[in-house]
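To be precise, the following lines are upload-v2.cif, and they hold mmCIF, C-alpha atoms.
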```
data_structure
#
loop_
_atom_site.label_atom_id
_atom_site.label_comp_id
_atom_site.auth_asym_id
_atom_site.auth_seq_id
_atom_site.Cartn_x
_atom_site.Cartn_y
_atom_site.Cartn_z
CA MET A 147 -19.07 -16.82 5.31
CA ARG A 148 -21.78 -15.49 3.04
CA ASN A 149 -22.18 -17.10 -0.36
CA ILE A 150 -20.38 -14.56 -2.54
CA ILE A 151 -21.51 -14.57 -6.16
CA ARG A 152 -19.14 -12.63 -8.40
CA THR A 153 -20.51 -11.08 -11.58
CA ASP A 154 -19.12 -8.52 -14.00
CA GLU A 155 -21.84 -6.14 -12.80
CA THR A 156 -20.70 -6.12 -9.16
CA HIS A 157 -17.09 -7.33 -9.09
CA PRO A 158 -15.12 -5.68 -11.90
CA LEU A 159 -11.79 -6.90 -10.52
CA THR A 160 -12.51 -10.48 -9.60
CA TRP A 161 -15.52 -11.80 -11.51
CA ARG A 162 -13.29 -13.73 -13.92
CA LEU A 163 -11.51 -15.65 -11.13
CA ARG A 164 -11.64 -19.42 -11.54
CA LYS A 165 -12.98 -21.60 -8.73
CA ASP A 166 -9.89 -23.80 -8.95
CA GLN A 167 -7.69 -20.70 -8.43
CA GLN A 168 -5.75 -21.35 -11.63
CA PRO A 169 -4.65 -18.44 -13.85
CA VAL A 170 -7.00 -17.11 -16.49
CA TRP A 171 -5.01 -17.26 -19.73
CA LEU A 172 -5.60 -15.37 -22.95
CA LYS A 173 -8.28 -17.49 -24.62
CA GLU A 174 -10.47 -17.69 -21.54
CA TYR A 175 -9.86 -14.02 -20.76
CA CYS A 176 -10.93 -12.93 -24.25
CA ASN A 177 -14.04 -15.14 -24.05
CA ASN A 178 -15.08 -13.02 -21.04
CA ASN A 179 -14.79 -9.56 -22.63
CA GLY A 180 -11.02 -9.49 -22.22
CA TYR A 181 -9.33 -6.68 -24.21
CA ALA A 182 -12.80 -5.41 -25.26
CA SER A 183 -11.99 -2.05 -23.68
CA ILE A 184 -8.87 -1.80 -25.86
CA LYS A 185 -10.90 -2.21 -29.04
CA LYS A 186 -13.49 0.28 -27.76
CA THR A 187 -10.80 2.81 -26.94
CA PHE A 188 -8.93 2.50 -30.23
CA ASN A 189 -12.17 2.85 -32.21
CA ASN A 190 -13.85 5.66 -30.27
CA LEU A 191 -11.49 7.62 -28.01
CA ASN A 192 -8.33 9.67 -28.05
CA SER A 193 -5.89 9.87 -25.13
CA LYS A 194 -7.45 13.01 -23.65
CA GLU A 195 -10.98 11.56 -23.78
CA LEU A 196 -9.80 8.38 -22.07
CA THR A 197 -8.11 10.43 -19.36
CA ASN A 198 -11.31 12.43 -18.81
CA ILE A 199 -13.26 9.18 -18.34
CA ILE A 200 -10.88 8.14 -15.56
CA ILE A 201 -11.11 11.61 -13.98
CA GLU A 202 -14.91 11.43 -14.00
CA SER A 203 -14.90 7.91 -12.59
CA GLY A 204 -13.20 9.10 -9.40
CA LEU A 205 -10.70 6.22 -9.50
CA ARG A 206 -8.13 6.72 -6.74
CA GLY A 207 -4.76 5.04 -6.39
CA ARG A 208 -4.98 1.66 -4.68
CA GLY A 209 -1.40 1.54 -3.44
CA GLY A 210 -2.25 3.33 -0.20
CA ALA A 211 -2.05 7.07 -0.84
CA GLY A 212 -5.34 7.29 -2.73
CA PHE A 213 -4.28 10.02 -5.19
CA PRO A 214 -6.80 10.52 -8.04
CA THR A 215 -5.55 8.48 -11.00
CA GLY A 216 -7.08 10.67 -13.69
CA ILE A 217 -5.49 13.81 -12.25
CA LYS A 218 -2.10 12.10 -12.35
CA TRP A 219 -2.65 11.07 -15.96
CA ASN A 220 -3.88 14.53 -16.93
CA SER A 221 -0.55 16.08 -15.93
CA PHE A 222 1.01 14.33 -18.93
CA HIS A 223 -1.25 16.27 -21.27
CA GLU A 224 -0.35 19.54 -19.61
CA ASN A 225 3.40 19.24 -19.06
CA THR A 226 4.92 16.98 -21.69
CA SER A 227 5.98 17.42 -25.30
CA LYS A 228 4.79 14.92 -27.90
CA ASP A 229 8.41 14.39 -28.92
CA LEU A 230 9.42 12.99 -25.51
CA THR A 231 9.57 9.30 -24.64
CA ILE A 232 7.06 8.61 -21.85
CA TYR A 233 7.21 5.62 -19.51
CA LEU A 234 4.47 3.85 -17.57
CA ILE A 235 5.55 1.84 -14.53
CA CYS A 236 3.32 -0.60 -12.69
CA ASN A 237 4.30 -0.65 -9.02
CA ALA A 238 4.01 -4.34 -8.12
CA ASP A 239 6.48 -4.15 -5.23
CA GLU A 240 3.90 -5.27 -2.68
CA MET A 241 6.02 -5.31 0.49
CA GLU A 242 3.56 -3.86 3.02
CA PRO A 243 3.43 -6.47 5.81
CA GLY A 244 0.12 -8.30 5.83
CA THR A 245 -0.85 -7.23 2.30
CA TYR A 246 -1.37 -9.71 -0.52
CA LYS A 247 -4.10 -8.27 -2.77
CA ASP A 248 -1.88 -7.49 -5.77
CA LYS A 249 -0.37 -10.96 -5.60
CA LEU A 250 -3.79 -12.51 -6.18
CA LEU A 251 -4.54 -10.25 -9.16
CA MET A 252 -1.17 -10.87 -10.81
CA GLU A 253 -1.13 -14.63 -10.34
CA GLN A 254 -4.70 -15.33 -11.38
CA LEU A 255 -5.62 -12.43 -13.69
CA PRO A 256 -2.38 -11.30 -15.36
CA HIS A 257 -4.07 -10.22 -18.61
CA GLN A 258 -6.34 -7.83 -16.72
CA LEU A 259 -3.24 -5.97 -15.51
CA ILE A 260 -1.74 -5.94 -19.01
CA GLU A 261 -4.99 -4.54 -20.42
CA GLY A 262 -5.01 -1.87 -17.71
CA MET A 263 -1.43 -0.92 -18.55
CA LEU A 264 -2.31 -0.70 -22.24
CA LEU A 265 -5.12 1.73 -21.47
CA GLY A 266 -2.94 3.75 -19.11
CA ALA A 267 -0.20 3.94 -21.72
CA PHE A 268 -2.68 5.09 -24.36
CA ALA A 269 -4.00 7.77 -22.01
CA ILE A 270 -0.58 9.30 -21.32
CA ASN A 271 0.98 8.47 -24.73
CA ALA A 272 3.57 6.14 -23.23
CA CYS A 273 5.43 3.76 -25.50
CA ILE A 274 7.25 1.61 -22.93
CA GLY A 275 5.99 0.03 -19.71
CA TYR A 276 7.69 -1.75 -16.83
CA ILE A 277 6.20 -4.01 -14.18
CA PHE A 278 8.39 -3.57 -11.10
CA LEU A 279 7.67 -6.80 -9.25
CA ARG A 280 8.55 -7.77 -5.70
CA GLY A 281 11.46 -10.20 -5.90
CA GLU A 282 9.81 -12.81 -3.67
CA TYR A 283 6.75 -13.06 -5.94
CA ILE A 284 8.19 -15.85 -8.05
CA GLN A 285 4.88 -17.31 -9.24
CA SER A 286 3.54 -13.85 -10.08
CA GLY A 287 6.59 -13.32 -12.26
CA ILE A 288 6.15 -16.63 -14.07
CA ASN A 289 2.46 -15.98 -14.77
CA LEU A 290 2.99 -12.37 -15.84
CA GLN A 291 5.78 -13.30 -18.23
CA LYS A 292 3.64 -16.01 -19.84
CA ALA A 293 0.73 -13.56 -20.20
CA ILE A 294 3.01 -10.92 -21.72
CA CYS A 295 4.20 -13.47 -24.31
CA GLU A 296 0.59 -14.42 -25.08
CA ALA A 297 -0.32 -10.75 -25.52
CA TYR A 298 2.57 -10.19 -27.93
CA ASN A 299 1.66 -13.25 -29.98
CA ALA A 300 -1.97 -12.11 -30.19
CA GLY A 301 -1.05 -8.58 -31.26
CA TYR A 302 -2.07 -6.82 -28.06
CA LEU A 303 1.50 -5.68 -27.40
CA GLY A 304 4.25 -4.45 -29.70
CA LYS A 305 4.14 -2.28 -32.80
CA ASN A 306 0.93 -0.94 -34.31
CA ILE A 307 -1.40 -2.78 -31.92
CA LEU A 308 -4.58 -3.97 -33.69
CA HIS A 309 -3.61 -1.69 -36.62
CA SER A 310 -4.34 1.35 -34.48
CA GLY A 311 -1.03 3.10 -35.00
CA PHE A 312 -0.35 2.81 -31.25
CA SER A 313 2.70 0.88 -30.06
CA PHE A 314 3.52 -0.28 -26.55
CA ASP A 315 6.04 -2.69 -25.05
CA ILE A 316 6.02 -4.17 -21.53
CA PHE A 317 9.07 -5.45 -19.64
CA LEU A 318 9.01 -7.38 -16.37
CA HIS A 319 11.61 -6.31 -13.77
CA MET A 320 12.13 -8.26 -10.55
CA GLY A 321 13.04 -6.08 -7.58
CA ALA A 322 15.75 -6.84 -5.05
CA GLY A 323 13.50 -6.87 -1.99
CA ARG A 324 13.39 -3.45 -0.35
CA TYR A 325 10.29 -1.89 1.18
CA ILE A 326 11.41 1.61 0.21
CA CYS A 327 10.90 0.71 -3.47
CA GLY A 328 7.19 1.17 -2.85
CA GLU A 329 7.97 4.91 -2.91
CA GLU A 330 7.76 5.79 -6.59
CA THR A 331 11.00 7.75 -6.96
CA ALA A 332 12.99 5.13 -5.01
CA LEU A 333 11.47 2.56 -7.37
CA ILE A 334 12.63 4.61 -10.35
CA ASN A 335 16.16 4.85 -8.96
CA SER A 336 16.23 1.08 -8.43
CA LEU A 337 14.99 0.47 -11.98
CA GLU A 338 17.87 2.60 -13.24
CA GLY A 339 20.31 0.41 -11.31
CA LYS A 340 20.95 2.97 -8.56
CA ARG A 341 20.53 2.76 -4.81
CA ALA A 342 16.83 2.84 -3.92
CA ASN A 343 16.74 6.28 -2.30
CA PRO A 344 13.79 8.62 -2.77
CA ARG A 345 14.40 11.66 -4.97
CA PHE A 346 13.86 15.34 -4.37
CA LYS A 347 10.44 16.53 -5.52
CA PRO A 348 9.96 18.68 -7.53
CA PRO A 349 10.60 17.76 -10.25
CA PHE A 350 7.90 15.12 -10.04
CA PRO A 351 8.18 11.92 -12.12
CA SER A 352 5.60 13.27 -14.57
CA VAL A 353 8.25 15.83 -15.56
CA SER A 354 11.50 13.96 -14.92
CA GLY A 355 11.28 10.31 -13.98
CA LEU A 356 12.90 7.20 -15.44
CA TRP A 357 16.15 8.25 -17.16
CA GLY A 358 14.99 11.86 -16.95
CA LYS A 359 11.87 11.25 -19.04
CA PRO A 360 8.22 11.81 -18.04
CA THR A 361 7.08 8.77 -16.06
CA CYS A 362 3.80 7.63 -14.54
CA VAL A 363 3.75 5.12 -11.67
CA ASN A 364 0.50 3.30 -10.86
CA ASN A 365 -0.33 0.39 -8.55
CA VAL A 366 -1.42 -3.08 -9.78
CA GLU A 367 -4.96 -2.80 -8.41
CA THR A 368 -5.33 0.74 -9.76
CA LEU A 369 -4.51 -0.30 -13.32
CA SER A 370 -6.65 -3.44 -13.03
CA ASN A 371 -9.73 -1.26 -12.48
CA VAL A 372 -9.35 0.66 -15.73
CA PRO A 373 -10.62 -1.94 -18.27
CA SER A 374 -14.01 -2.28 -16.57
CA ILE A 375 -14.42 1.47 -16.17
CA VAL A 376 -13.88 1.96 -19.90
CA HIS A 377 -16.07 -1.00 -20.87
CA TYR A 378 -19.07 -0.34 -18.59
CA GLY A 379 -18.91 3.42 -18.06
CA VAL A 380 -18.47 6.01 -15.34
CA SER A 381 -21.99 5.92 -13.84
CA TRP A 382 -21.89 2.14 -13.46
CA TYR A 383 -18.54 2.34 -11.69
CA LYS A 384 -19.60 5.07 -9.28
CA ASN A 385 -22.80 3.23 -8.38
CA LEU A 386 -20.85 0.19 -7.20
CA SER A 387 -19.81 2.10 -4.09
CA LYS A 388 -21.65 2.49 -0.80
CA GLY A 389 -19.41 5.36 0.33
CA SER A 390 -17.78 8.58 -0.79
CA ASP A 391 -15.16 6.87 -2.99
CA SER A 392 -16.01 5.31 -6.33
CA GLY A 393 -16.02 1.64 -7.19
CA THR A 394 -14.85 -1.41 -5.31
CA LYS A 395 -11.69 -2.28 -3.40
CA MET A 396 -9.76 -5.42 -2.57
CA MET A 397 -10.13 -5.64 1.22
CA GLY A 398 -9.45 -8.34 3.75
CA PHE A 399 -8.58 -9.45 7.26
CA SER A 400 -5.69 -11.45 8.68
CA GLY A 401 -4.88 -12.49 12.24
CA LYS A 402 -6.83 -14.79 14.56
CA VAL A 403 -9.96 -14.76 12.41
CA LYS A 404 -11.81 -17.86 11.28
CA ASN A 405 -11.53 -17.18 7.56
CA PRO A 406 -8.59 -14.91 6.73
CA GLY A 407 -8.53 -13.70 3.16
CA VAL A 408 -9.08 -10.92 0.64
CA TRP A 409 -12.32 -10.04 -1.13
CA GLU A 410 -13.52 -7.44 -3.59
CA VAL A 411 -16.12 -5.31 -1.79
CA PRO A 412 -17.69 -1.90 -2.38
CA PHE A 413 -16.17 1.18 -0.80
CA GLY A 414 -18.14 2.22 2.26
CA ILE A 415 -18.71 -1.28 3.60
CA SER A 416 -18.04 -1.34 7.33
CA ALA A 417 -15.01 -3.03 8.84
CA ARG A 418 -17.42 -5.02 11.01
CA GLU A 419 -19.15 -6.50 7.97
CA ILE A 420 -15.82 -7.58 6.46
CA LEU A 421 -14.68 -9.06 9.77
CA GLU A 422 -17.90 -10.85 10.69
CA GLU A 423 -19.46 -11.81 7.35
CA TYR A 424 -16.42 -12.39 5.16
CA ALA A 425 -13.71 -13.32 7.71
CA CYS A 426 -16.36 -15.08 9.86
CA GLY A 427 -15.34 -13.29 13.06
CA MET A 428 -12.63 -13.99 15.59
CA LYS A 429 -11.57 -17.56 16.32
CA ASP A 430 -13.09 -19.20 19.38
CA ASN A 431 -11.64 -17.95 22.69
CA PHE A 432 -10.13 -14.87 21.03
CA LYS A 433 -11.45 -11.32 21.23
CA LEU A 434 -10.67 -8.29 19.12
CA LYS A 435 -8.33 -6.00 21.03
CA ALA A 436 -7.28 -3.65 18.20
CA TRP A 437 -6.94 -3.63 14.42
CA GLN A 438 -4.93 -1.98 11.68
CA PRO A 439 -7.07 -0.97 8.69
CA GLY A 440 -4.50 -1.15 5.91
CA GLY A 441 -1.06 -2.54 6.60
CA ALA A 442 1.73 -2.17 9.15
CA GLY A 443 2.13 1.54 8.44
CA THR A 444 -1.40 2.49 9.52
CA ALA A 445 -2.44 3.62 12.99
CA LEU A 446 -4.09 1.14 15.36
CA LEU A 447 -7.82 1.42 15.90
CA THR A 448 -9.93 -0.14 18.65
CA PRO A 449 -13.12 -2.25 18.62
CA SER A 450 -15.05 1.00 19.09
CA HIS A 451 -14.05 1.90 15.49
CA ILE A 452 -15.13 -1.39 13.92
CA ASP A 453 -18.31 0.11 12.40
CA THR A 454 -16.25 2.64 10.43
CA PRO A 455 -17.06 2.68 6.70
CA MET A 456 -13.99 1.49 4.82
CA ASP A 457 -13.13 4.37 2.55
CA PHE A 458 -10.36 6.96 2.49
CA THR A 459 -12.33 9.73 4.22
CA ASN A 460 -13.99 7.85 7.08
CA VAL A 461 -10.92 5.87 8.15
CA GLN A 462 -8.93 9.10 8.20
CA LYS A 463 -11.57 10.69 10.46
CA CYS A 464 -10.85 7.92 12.98
CA GLY A 465 -7.19 8.87 13.05
CA SER A 466 -5.79 6.20 10.74
CA ARG A 467 -5.48 5.58 6.99
CA LEU A 468 -7.22 3.16 4.66
CA GLY A 469 -3.81 2.23 3.24
CA THR A 470 -4.00 -1.04 1.34
CA ALA A 471 -7.31 -1.94 3.09
CA ILE A 472 -5.98 -5.36 4.09
CA SER A 473 -6.69 -5.19 7.81
CA MET A 474 -5.01 -7.08 10.64
CA ALA A 475 -7.03 -8.22 13.63
CA ILE A 476 -5.04 -7.94 16.89
CA ASP A 477 -6.44 -10.31 19.48
CA ASN A 478 -6.56 -10.12 23.27
CA THR A 479 -3.50 -12.36 23.73
CA ILE A 480 -1.19 -9.94 21.94
CA ASP A 481 1.10 -7.66 23.95
CA ILE A 482 0.95 -4.29 22.22
CA VAL A 483 4.57 -3.35 23.05
CA SER A 484 5.84 -6.62 21.55
CA LEU A 485 3.67 -6.12 18.46
CA LEU A 486 4.95 -2.59 17.95
CA LEU A 487 8.55 -3.68 18.52
CA ASN A 488 8.14 -6.16 15.67
CA ILE A 489 6.67 -3.47 13.41
CA GLU A 490 9.32 -0.86 14.26
CA GLU A 491 12.15 -3.36 13.76
CA PHE A 492 10.84 -3.92 10.24
CA PHE A 493 10.63 -0.21 9.43
CA SER A 494 14.03 0.46 11.00
CA ARG A 495 15.63 -2.28 8.92
CA GLU A 496 13.93 -1.07 5.73
CA SER A 497 14.95 2.59 6.10
CA CYS A 498 17.13 3.64 3.18
CA GLY A 499 19.27 5.70 5.58
CA TRP A 500 19.05 8.82 3.43
CA CYS A 501 17.86 11.27 6.11
CA THR A 502 19.00 11.53 9.73
CA PRO A 503 15.63 11.50 11.54
CA CYS A 504 14.61 8.21 9.93
CA ARG A 505 18.05 6.60 9.94
CA ASP A 506 18.76 7.35 13.62
CA GLY A 507 15.28 7.84 15.04
CA LEU A 508 13.82 4.45 14.17
CA PRO A 509 16.68 2.40 15.74
CA TRP A 510 16.36 4.58 18.84
CA ILE A 511 12.66 3.73 19.01
CA VAL A 512 13.49 0.02 18.64
CA ASN A 513 15.98 0.13 21.54
CA ILE A 514 13.48 1.81 23.86
CA LEU A 515 10.75 -0.67 22.93
CA LYS A 516 13.14 -3.56 23.62
CA ASP A 517 13.73 -2.19 27.14
CA LEU A 518 10.00 -1.77 27.71
CA LYS A 519 9.28 -5.27 26.45
CA ASN A 520 11.90 -6.73 28.81
CA LYS A 521 10.60 -4.67 31.80
CA LYS A 522 13.81 -2.67 31.86
CA GLY A 523 12.44 0.66 30.74
CA HIS A 524 13.30 3.99 32.30
CA GLU A 525 10.96 6.59 33.70
CA GLY A 526 10.38 9.03 30.85
CA ASP A 527 10.83 6.46 28.08
CA ILE A 528 7.24 6.87 26.89
CA GLU A 529 7.67 10.63 26.68
CA THR A 530 10.95 10.10 24.83
CA LEU A 531 9.15 7.93 22.27
CA GLU A 532 6.58 10.66 21.77
CA ASN A 533 9.30 13.30 21.35
CA ILE A 534 11.21 11.21 18.82
CA CYS A 535 8.01 10.85 16.84
CA LEU A 536 7.70 14.62 16.65
CA ASP A 537 10.92 14.65 14.63
CA LEU A 538 9.61 11.92 12.32
CA ASN A 539 6.38 13.66 11.38
CA PRO A 540 5.50 14.52 7.76
CA GLY A 541 7.64 17.38 6.50
CA LYS A 542 10.56 16.54 8.78
CA THR A 543 11.82 13.52 6.85
CA PHE A 544 12.75 13.05 3.20
CA CYS A 545 9.84 10.73 2.37
CA ALA A 546 6.79 9.12 3.99
CA HIS A 547 8.65 6.07 5.33
CA ALA A 548 9.19 7.37 8.88
CA PRO A 549 5.77 9.04 9.23
CA GLY A 550 4.21 5.70 8.29
CA ALA A 551 6.44 3.87 10.76
CA ILE A 552 5.43 6.01 13.74
CA SER A 553 1.68 5.90 13.05
CA PRO A 554 1.09 2.54 14.79
CA LEU A 555 3.43 3.52 17.64
CA LEU A 556 1.68 6.80 18.46
CA SER A 557 -1.75 5.16 18.31
CA GLY A 558 -0.48 2.30 20.49
CA ILE A 559 0.65 4.77 23.14
CA LYS A 560 -2.66 6.62 22.84
CA TYR A 561 -4.89 3.59 23.35
CA PHE A 562 -2.67 1.21 25.35
CA ARG A 563 -0.40 3.46 27.42
CA SER A 564 -0.78 1.26 30.49
CA GLU A 565 0.98 -1.59 28.67
CA PHE A 566 3.96 0.67 28.02
CA GLU A 567 4.00 1.75 31.67
CA LEU A 568 4.25 -1.91 32.75
CA GLY A 569 7.65 -2.04 31.06
CA ILE A 570 9.20 0.62 33.29
CA SER A 571 11.47 -0.74 36.02
CA ASN A 572 10.69 1.13 39.25
CA LYS A 573 13.90 -0.10 40.87
CA LYS A 574 15.97 1.34 38.09
CA TYR A 575 14.05 4.59 38.33
CA ILE A 576 14.67 4.81 42.13
CA PHE A 577 18.39 4.06 41.64
CA ASN A 578 18.75 6.74 38.99
CA HIS A 579 16.73 9.16 41.10
CA ILE A 580 19.06 8.59 44.09
CA LYS A 581 22.11 9.04 41.86
CA GLY A 582 20.63 12.32 40.64
CA ILE A 583 20.12 13.56 44.23
CA GLN A 584 23.69 12.57 45.16
CA SER A 585 25.05 14.38 42.12
CA ASN A 586 23.11 17.53 42.98
CA LEU A 587 24.34 17.43 46.61
CA LEU A 588 27.94 17.07 45.43
CA ASN A 589 27.57 19.98 43.05
CA PHE A 590 26.03 22.03 45.85
CA LYS A 591 28.98 21.29 48.21
CA LEU A 592 31.47 22.17 45.51
CA PHE A 593 29.58 25.38 44.86
CA LYS A 594 29.66 26.31 48.58
CA LYS A 595 33.44 25.74 48.70
#
```
Take the structure in this file and express it as structure tokens.
Amino acid sequence: MRNIIRTDETHPLTWRLRKDQQPVWLKEYCNNNGYASIKKTFNNLNSKELTNIIIESGLRGRGGAGFPTGIKWNSFHENTSKDLTIYLICNADEMEPGTYKDKLLMEQLPHQLIEGMLLGAFAINACIGYIFLRGEYIQSGINLQKAICEAYNAGYLGKNILHSGFSFDIFLHMGAGRYICGEETALINSLEGKRANPRFKPPFPSVSGLWGKPTCVNNVETLSNVPSIVHYGVSWYKNLSKGSDSGTKMMGFSGKVKNPGVWEVPFGISAREILEEYACGMKDNFKLKAWQPGGAGTALLTPSHIDTPMDFTNVQKCGSRLGTAISMAIDNTIDIVSLLLNIEEFFSRESCGWCTPCRDGLPWIVNILKDLKNKKGHEGDIETLENICLDLNPGKTFCAHAPGAISPLLSGIKYFRSEFELGISNKKYIFNHIKGIQSNLLNFKLFKK
């Protein structure tokens, strides 16, 4: 792997990381410009000016959808009354299989997230914040809670922060372990103590969210970018990128690679460079067969796509999504049908059951894939899978859960159809075909009588 030197000029998210991988606590964080952006904001900016900085920076959501953060924040200036309580929620429910970028940021740089939440709260005039944390992230919870206590004791949280007149409180909430809570309205329902079902939209959370109040939901990595943008400026942040999207991104590779991990790299870097220079290539005797660019819910790509620049636009042009940008290398020993069965079983289990296409369609897909894996498939099963997917497309289900679930399946059929065909039992097909002929002959005789 290349010798990666992190500096504040090139790695706004990770330059403070310690070599011993221990958390950076308040004193050390402040000695490295920690909370400097808070002081700069309180002394020089109002909430609208801060929001405009984030709009100009081009910061996009890092949870997977890539929605412009500043545009989301700006809606609170347009649609909310100053008399309303406004909430800011940090979505730390990182349950996308193969993704672990937020975990690193929360465990080792918890104050950076708190500072980002403070700035986000100031921008939208929120007075209360929640960190909705994945229940299995025990160490993240311990470190975040300690950092929150440190921030309160130092005057960075609570009433009249740094004598600015601005007040903000943060509460840590451990989730119960459901993938659907990554959807912001399902997260809000869960936080209220309800079943984690997505809500009808509109109204959007910016109008009616947590307990009916205006609510903004941002990802951990998204909020962690904000302090550096405010401290160093918009032009600096945009110039970090090699591609069409601004700034840097936590990206990585897992699978049969020599050095699996996550690194902060500029947008526009190619997937090949991450795989070969950072992950050090495939392990000996393994070859790249396919890869997913950003989690289990992104479409499979082939080695022919490995030179794709890793940004939202270029990955989409290839027929997939950047997603979380933590890629999975699928090696030549992996059976694609078995891989997809594992993925679809996960998505089927994690469906909230709210809408029929998702609730019934995903288990149907799982059953067909089980038959194909066990070489007991029927003629027409592949076409049936494709037809089921038509009913799980965007706009036909209540939320994006099912459309995300079918993305790897459809791409698997597209690029590796022959592996699906191997799962069809010809004997079973001949038997059913003969039964069909016999049934037609019987109907014909009865008709003649």
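Using all atoms listed in the file, the nearest neighbour of A:Ser387 within the list A:Ile375, A:Leu308, A:Leu515, A:Val411 is A:Val411.
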- Task: May I ask which of the residues A:Gly499, A:Lys519, A:Gly541, A:Gly440 is the closest one to A:Pro554, counting only C-alpha atoms?
- Result: A:Gly440
- Item | Contact residues around A:Glu422 with only C-alpha atoms at 12 Å, ignoring same-chain residues under 6 positions, as a PyMOL selection string | chain A and resi 147-148+398-399+403-406+415-416+428-429+434+452-453+475
May I have the selected residues written with C-alpha atoms, as a compact mmCIF listing (two decimals), keeping the file's coordinate frame?
```txt
# COMPACT_ATOMS: atom_id res chain seq x y z
CA MET A 147 -19.07 -16.82 5.31
CA ARG A 148 -21.78 -15.49 3.04
CA GLY A 398 -9.45 -8.34 3.75
CA PHE A 399 -8.58 -9.45 7.26
CA VAL A 403 -9.96 -14.76 12.41
CA LYS A 404 -11.81 -17.86 11.28
CA ASN A 405 -11.53 -17.18 7.56
CA PRO A 406 -8.59 -14.91 6.73
CA ILE A 415 -18.71 -1.28 3.60
CA SER A 416 -18.04 -1.34 7.33
CA MET A 428 -12.63 -13.99 15.59
CA LYS A 429 -11.57 -17.56 16.32
CA LEU A 434 -10.67 -8.29 19.12
CA ILE A 452 -15.13 -1.39 13.92
CA ASP A 453 -18.31 0.11 12.40
CA ALA A 475 -7.03 -8.22 13.63
```
- Could you pull the residues within 6 Å of stretch 237-254 of chain A, counting all atoms listed in the file, minus those fewer than 2 positions along the same chain, as an MDAnalysis selection string? chainID A and resid 169:170 256 278:280 286 289 325 328 364:366 441:442 472
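Distance check against A:Asn306 using all atoms listed in the file: of A:Cys273, A:Leu234, A:Ile201, A:Leu486, the minimum falls on A:Cys273.
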- Item | Distance criterion (only C-alpha atoms): nearest to A:Tyr561 out of A:Asn520, A:Asn460, A:Thr197, A:Ser450 | A:Ser450
- Give me the residues within 10 Å of stretch 390-394 of chain A as number ranges by chain, counting all atoms listed in the file and dropping any in the same chain fewer than 6 places off. A: 156-159, 202-206, 212, 371, 375, 380-384, 409-415, 455-460
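The spacing separating atom CA of A:Gly180 from atom CA of A:Gly262 amounts to 10.7 Å.
Coordinates place atom CA of A:Glu423 at a distance of 16.3 Å from atom CA of A:Lys395.
Minimum distance to A:Ile570 across A:Ile489, A:Glu525, A:Ala551, A:Leu556 (counting all atoms listed in the file) occurs at A:Glu525.
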How big is the axis-aligned box, and where does its centre sit, when it encloses all atoms of stretch 237-241 of chain A listed in the file and has 4 Å added on every side, reported in Å to one decimal as AutoDock Vina command-line options?
```
--center_x 5.2 --center_y -3.0 --center_z -4.3 --size_x 10.6 --size_y 12.7 --size_z 17.5
```
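Distances here use only C-alpha atoms; by that measure, the residue among A:Ser564, A:Thr530, A:Ser400, A:Ser557 closest to A:Asp481 is A:Ser564.
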Test item: write stretch 528-544 of chain A with C-alpha atoms as an mmCIF file, in the first residue's frame:
```cif
data_model
loop_
_atom_site.group_PDB
_atom_site.id
_atom_site.type_symbol
_atom_site.label_atom_id
_atom_site.label_comp_id
_atom_site.auth_asym_id
_atom_site.auth_seq_id
_atom_site.Cartn_x
_atom_site.Cartn_y
_atom_site.Cartn_z
ATOM 1 C CA ILE A 528 -35.240 -16.425 -14.400
ATOM 2 C CA GLU A 529 -38.032 -14.658 -16.254
ATOM 3 C CA THR A 530 -40.180 -14.861 -13.121
ATOM 4 C CA LEU A 531 -37.414 -13.166 -11.124
ATOM 5 C CA GLU A 532 -37.269 -10.388 -13.697
ATOM 6 C CA ASN A 533 -41.048 -9.954 -13.617
ATOM 7 C CA ILE A 534 -41.149 -9.799 -9.823
ATOM 8 C CA CYS A 535 -38.502 -7.095 -9.958
ATOM 9 C CA LEU A 536 -40.749 -5.026 -12.205
ATOM 10 C CA ASP A 537 -43.212 -4.802 -9.314
ATOM 11 C CA LEU A 538 -40.447 -3.773 -6.904
ATOM 12 C CA ASN A 539 -39.154 -0.857 -8.957
ATOM 13 C CA PRO A 540 -39.079 2.719 -7.592
ATOM 14 C CA GLY A 541 -42.579 4.154 -7.400
ATOM 15 C CA LYS A 542 -44.214 0.760 -6.888
ATOM 16 C CA THR A 543 -43.208 0.283 -3.260
ATOM 17 C CA PHE A 544 -43.626 2.478 -0.195
#
```
